[in-house]
Protein chains: 2
Amino acid sequence: MLQNNQRGGQSLAQQVANKIELMIQNQIFKIGEQLPNEFDLAAELNVGRGTIREAIKLLAARNIVRIQRGKGTFVSETPGLTEDPLGLNFIEDKQRLSHDLMAVRMMIEPEICQLAARHATEEEVQEMVSICHEIEELIYQNKNHESKDIELHSLIAKASKNVVVPSLIPIIQTAISLFINLTNRRLKEETIETHREIVEAIKNKDEKLAKEAMERHLGFNKKELKL
Amino acid sequence: MLQNNQRGGQSLAQQVANKIELMIQNQIFKIGEQLPNEFDLAAELNVGRGTIREAIKLLAARNIVRIQRGKGTFVSETPGLTEDPLGLNFIEDKQRLSHDLMAVRMMIEPEICQLAARHATEEEVQEMVSICHEIEELIYQNKNHESKDIELHSLIAKASKNVVVPSLIPIIQTAISLFINLTNRRLKEETIETHREIVEAIKNKDEKLAKEAMERHLGFNKKELKL
């Protein structure tokens with residue numbers, strides 16, 4: 001039911017790639033594990049080594065496996081999740097994309113933040129506090145805080161312990177990048193203050209406040225974008 | 001800012017694939033449009049035709065282009081969006097996946113349904129009404145309504161007119177497939193009744209009721225899964 005539909009007219013390499021993908025889904029090859037070498041895979045799947053090599057490249061293009069030169073081929077740590085899994089980079093109207101991304105963030109991030117307040121470990125909270133400080137430092141020094149901002153929001157998503165939520169991080173990531181660039185990094189005080197509120201609420205396991213703080217944080221961003 | 005990071009040690013074909021991907025993102029080649037033939041692409045990008053052929057295969061694996069035998073290569077209608085963009089098929093624990101997918105659906109679908117009540121066209125509403133009838137028919141005949149169910153929820157997502165939301169449809173799709181299989185298709189009356197409520201509210205442009213009806217619909221499902 002979950003496996004990919006077969007498309008008509010697929011090349012042999014694509015068919016072999018599908019087979020290997022299914023083997024990974026069925027945990028015959030596990031996450032992070034090294035695949036057998038070309039020779040053994042060719043024998044097992046009854047095709048030539050050239051076909052195996054081509055199939056592996058197709059799987060690497062979709063980040064199902066990663067090829068390490070001189071070491072071998074490994075099942076990816078985040079199989080099937082590419083850098084732009086939702087094809088957001090292909091949406092033409094960046095202003096509209098930014099608006100609609102914000103609408104989706106408003107749907108998911110307050111709830112994710114509430115889950116993080118419930119499930120974050122001591123260690124995760126400590127890391128959030130320290131990233132929060134780093135962001136403040138960067139803002140005071142008038143440096144770009146984009147990657148640290150993404151790190152904080154991604155960590156909150158991870159702390160929710162919902163297995164689907166990490167797959168949504170690229171949405172948050174694209175939204176933050178677009179936002180910081182479109183607004184040219186105004187909103188310094190509001191960012192510092194609402195980040196602090198969010199992390200404090202998660203630390204205190206105050207689910208309601210965590211949700212509200214994230215709503216406030218996104219609200220400032222939304223207002224700044226004049227959305 | 002939005003382009004993919006260069007990874008170290010990429011093959012020439014992968015580098016050429018990246019270049020073509022950027023050309024598509026920058027609308028040098030537009031959605032649905034046919035790419036120049038191998039010969040012209042090879043000349044333009046200053047590489048051999050074999051490299052172009054390999055690059056095109058890598059792009060096809062990620063659904064950025066689609067190869068039509070005997071016709072040529074076209075920019076995909078949904079570039080970069082693969083059948084399982086979030087790698088959900090690779091999550092091992094299906095019970096937990098089902099639970100967490102439901103949590104994410106609860107975050108997004110009521111709000112999406114509210115947007116659909118605001119933005120759905122007359123034509124979309126007519127289509128929803130007719131899919132709704134088809135689902136009822138299938139349920140009464142004790143046939144599998146999975147694909148029609150997915151069609152209805154996808155149409156509601158499309159009717160929201162948010163450009164990011166269609167990218168979230170694979171989440172809804174995976175969730176419905178998993179759900180219908182895990183519950184072995186109980187919940188017939190509730191499905192019929194709440195689907196009707198949803199479509200009726202969208203038809204009447206009643207945003208509040210549309211949101212609530214979707215919450216109720218998902219609530220029945222959640223209860224049935226004993227989540």
# chains A, B, ... in the order shown; residues from 1 in each chain; ligands from 1
>>> residues_around(residues="Pro166 (chain A)", least_positions_apart="4", cutoff="8 Å", atoms="only C-alpha atoms", output="number ranges by chain")
A: 154, 157-158, 162
>>> write_last_selection(atoms="all heavy atoms", output="mmCIF file, in the first residue's frame")
data_model
loop_
_atom_site.group_PDB
_atom_site.id
_atom_site.type_symbol
_atom_site.label_atom_id
_atom_site.label_comp_id
_atom_site.auth_asym_id
_atom_site.auth_seq_id
_atom_site.Cartn_x
_atom_site.Cartn_y
_atom_site.Cartn_z
ATOM 1 N N SER A 154 14.165 24.188 14.313
ATOM 2 C CA SER A 154 14.287 22.758 13.988
ATOM 3 C C SER A 154 14.395 21.931 15.261
ATOM 4 O O SER A 154 13.835 20.835 15.347
ATOM 5 C CB SER A 154 15.522 22.508 13.121
ATOM 6 O OG SER A 154 15.467 23.295 11.962
ATOM 7 N N ALA A 157 11.061 21.548 16.766
ATOM 8 C CA ALA A 157 10.307 20.542 16.004
ATOM 9 C C ALA A 157 10.733 19.131 16.414
ATOM 10 O O ALA A 157 9.895 18.247 16.621
ATOM 11 C CB ALA A 157 10.513 20.751 14.511
ATOM 12 N N LYS A 158 12.039 18.943 16.552
ATOM 13 C CA LYS A 158 12.567 17.628 16.934
ATOM 14 C C LYS A 158 12.095 17.246 18.350
ATOM 15 O O LYS A 158 11.750 16.095 18.615
ATOM 16 C CB LYS A 158 14.092 17.654 16.858
ATOM 17 C CG LYS A 158 14.749 16.311 16.730
ATOM 18 C CD LYS A 158 16.245 16.447 16.487
ATOM 19 C CE LYS A 158 17.029 15.523 17.378
ATOM 20 N NZ LYS A 158 17.539 16.147 18.615
ATOM 21 N N ASN A 162 7.169 14.002 17.604
ATOM 22 C CA ASN A 162 6.262 13.489 16.574
ATOM 23 C C ASN A 162 7.128 13.070 15.382
ATOM 24 O O ASN A 162 7.924 13.875 14.881
ATOM 25 C CB ASN A 162 5.259 14.593 16.186
ATOM 26 C CG ASN A 162 4.289 14.154 15.096
ATOM 27 O OD1 ASN A 162 4.704 13.662 14.047
ATOM 28 N ND2 ASN A 162 3.006 14.334 15.330
#
>>> interface_residues(of="chain A", to="chain B", cutoff="8 Å", atoms="only C-alpha atoms", output="MDAnalysis selection string")
chainID A and resid 1:4 9 24:25 57:59 61:62 69 78:92 96:97 100:101 104 107:108 111 162:165 167:168 174 177
>>> residues_around(residues="Leu152 (chain B)", least_positions_apart="6", cutoff="8 Å", atoms="only C-alpha atoms", output="JSON, numbers by chain")
{"B": [128, 131, 132]}
>>> write_last_selection(atoms="all heavy atoms", output="PDB file, in the first residue's frame")
ATOM      1  N   MET B 128     -16.635  18.433  -5.519  1.00  0.00           N
ATOM      2  CA  MET B 128     -16.655  17.855  -4.166  1.00  0.00           C
ATOM      3  C   MET B 128     -17.968  17.117  -3.911  1.00  0.00           C
ATOM      4  O   MET B 128     -17.973  16.012  -3.365  1.00  0.00           O
ATOM      5  CB  MET B 128     -16.516  18.968  -3.112  1.00  0.00           C
ATOM      6  CG  MET B 128     -15.113  19.519  -2.984  1.00  0.00           C
ATOM      7  SD  MET B 128     -15.088  20.897  -1.781  1.00  0.00           S
ATOM      8  CE  MET B 128     -13.647  21.799  -2.375  1.00  0.00           C
ATOM      9  N   ILE B 131     -17.867  13.818  -5.833  1.00  0.00           N
ATOM     10  CA  ILE B 131     -16.970  12.816  -5.231  1.00  0.00           C
ATOM     11  C   ILE B 131     -17.589  12.251  -3.950  1.00  0.00           C
ATOM     12  O   ILE B 131     -17.524  11.060  -3.663  1.00  0.00           O
ATOM     13  CB  ILE B 131     -15.579  13.410  -4.910  1.00  0.00           C
ATOM     14  CG1 ILE B 131     -14.878  13.846  -6.200  1.00  0.00           C
ATOM     15  CG2 ILE B 131     -14.702  12.384  -4.179  1.00  0.00           C
ATOM     16  CD1 ILE B 131     -13.587  14.608  -5.960  1.00  0.00           C
ATOM     17  N   CYS B 132     -18.225  13.142  -3.198  1.00  0.00           N
ATOM     18  CA  CYS B 132     -18.907  12.750  -1.963  1.00  0.00           C
ATOM     19  C   CYS B 132     -19.950  11.666  -2.250  1.00  0.00           C
ATOM     20  O   CYS B 132     -20.038  10.671  -1.538  1.00  0.00           O
ATOM     21  CB  CYS B 132     -19.579  14.008  -1.403  1.00  0.00           C
ATOM     22  SG  CYS B 132     -19.498  14.127   0.358  1.00  0.00           S
TER      23      CYS B 132
END
>>> residues_around(residues="Leu155 (chain A)", least_positions_apart="6", cutoff="10 Å", atoms="only C-alpha atoms", output="PyMOL selection string")
chain A and resi 116+120+124-125+127-128+131+149+166+169
>>> write_last_selection(atoms="C-alpha atoms", output="short mmCIF file (atom, residue, chain, number, x, y, z; two decimals), in the first residue's frame")
data_model
loop_
_atom_site.label_atom_id
_atom_site.label_comp_id
_atom_site.auth_asym_id
_atom_site.auth_seq_id
_atom_site.Cartn_x
_atom_site.Cartn_y
_atom_site.Cartn_z
CA ALA A 116 7.83 20.35 22.63
CA ALA A 120 11.51 18.10 25.38
CA GLU A 124 17.20 19.67 24.45
CA VAL A 125 16.11 22.55 26.68
CA GLU A 127 20.58 23.40 23.82
CA MET A 128 17.63 25.71 23.09
CA ILE A 131 21.14 28.69 20.73
CA ASP A 149 17.28 30.78 13.82
CA PRO A 166 10.95 16.53 11.33
CA ILE A 169 11.33 21.24 8.90
#
>>> residues_around(residues="region 33-43 of chain A", least_positions_apart="4", cutoff="7 Å", atoms="only C-alpha atoms", output="ChimeraX atom specification")
/A:29,47-49,52-53,72-75
>>> write_last_selection(atoms="N, CA, C and O atoms", output="compact mmCIF listing (two decimals), in the first residue's frame")
# COMPACT_ATOMS: atom_id res chain seq x y z
N PHE A 29 17.83 -3.62 4.39
CA PHE A 29 18.96 -2.73 4.65
C PHE A 29 18.47 -1.63 5.58
O PHE A 29 17.50 -0.94 5.26
N VAL A 47 21.21 -8.78 -12.18
CA VAL A 47 21.44 -7.80 -13.25
C VAL A 47 22.93 -7.49 -13.32
O VAL A 47 23.71 -7.93 -12.45
N GLY A 48 23.34 -6.74 -14.33
CA GLY A 48 24.75 -6.40 -14.48
C GLY A 48 25.19 -5.34 -13.47
O GLY A 48 24.37 -4.64 -12.89
N ARG A 49 26.51 -5.23 -13.29
CA ARG A 49 27.03 -4.25 -12.32
C ARG A 49 26.78 -2.83 -12.80
O ARG A 49 26.60 -1.92 -11.98
N ILE A 52 23.40 -1.85 -11.62
CA ILE A 52 23.44 -1.55 -10.17
C ILE A 52 24.01 -0.15 -9.95
O ILE A 52 23.46 0.65 -9.19
N ARG A 53 25.11 0.15 -10.65
CA ARG A 53 25.76 1.45 -10.48
C ARG A 53 24.79 2.59 -10.83
O ARG A 53 24.69 3.57 -10.11
N GLY A 72 32.08 3.29 0.26
CA GLY A 72 30.94 2.45 -0.11
C GLY A 72 29.66 3.24 -0.12
O GLY A 72 29.67 4.47 -0.07
N THR A 73 28.54 2.52 -0.20
CA THR A 73 27.22 3.17 -0.27
C THR A 73 26.46 2.84 1.00
O THR A 73 26.43 1.70 1.44
N PHE A 74 25.84 3.88 1.60
CA PHE A 74 25.15 3.70 2.87
C PHE A 74 23.70 4.14 2.73
O PHE A 74 23.39 5.05 1.96
N VAL A 75 22.80 3.49 3.50
CA VAL A 75 21.42 3.98 3.56
C VAL A 75 21.45 5.33 4.26
O VAL A 75 22.08 5.48 5.31
>>> atom_distance(atom1="CA of Leu218 (chain B)", atom2="CA of Glu122 (chain B)")
25.1 Å
>>> select_by_dssp(residues="region 9-109 of chain A", states="strand (DSSP E or B)", output="ChimeraX atom specification")
/A:34,65-68,72-75
>>> atom_distance(atom1="CA of Lys148 (chain A)", atom2="CA of Thr191 (chain A)")
12.3 Å
>>> atom_distance(atom1="CA of His119 (chain B)", atom2="CA of Gly32 (chain B)")
25.3 Å
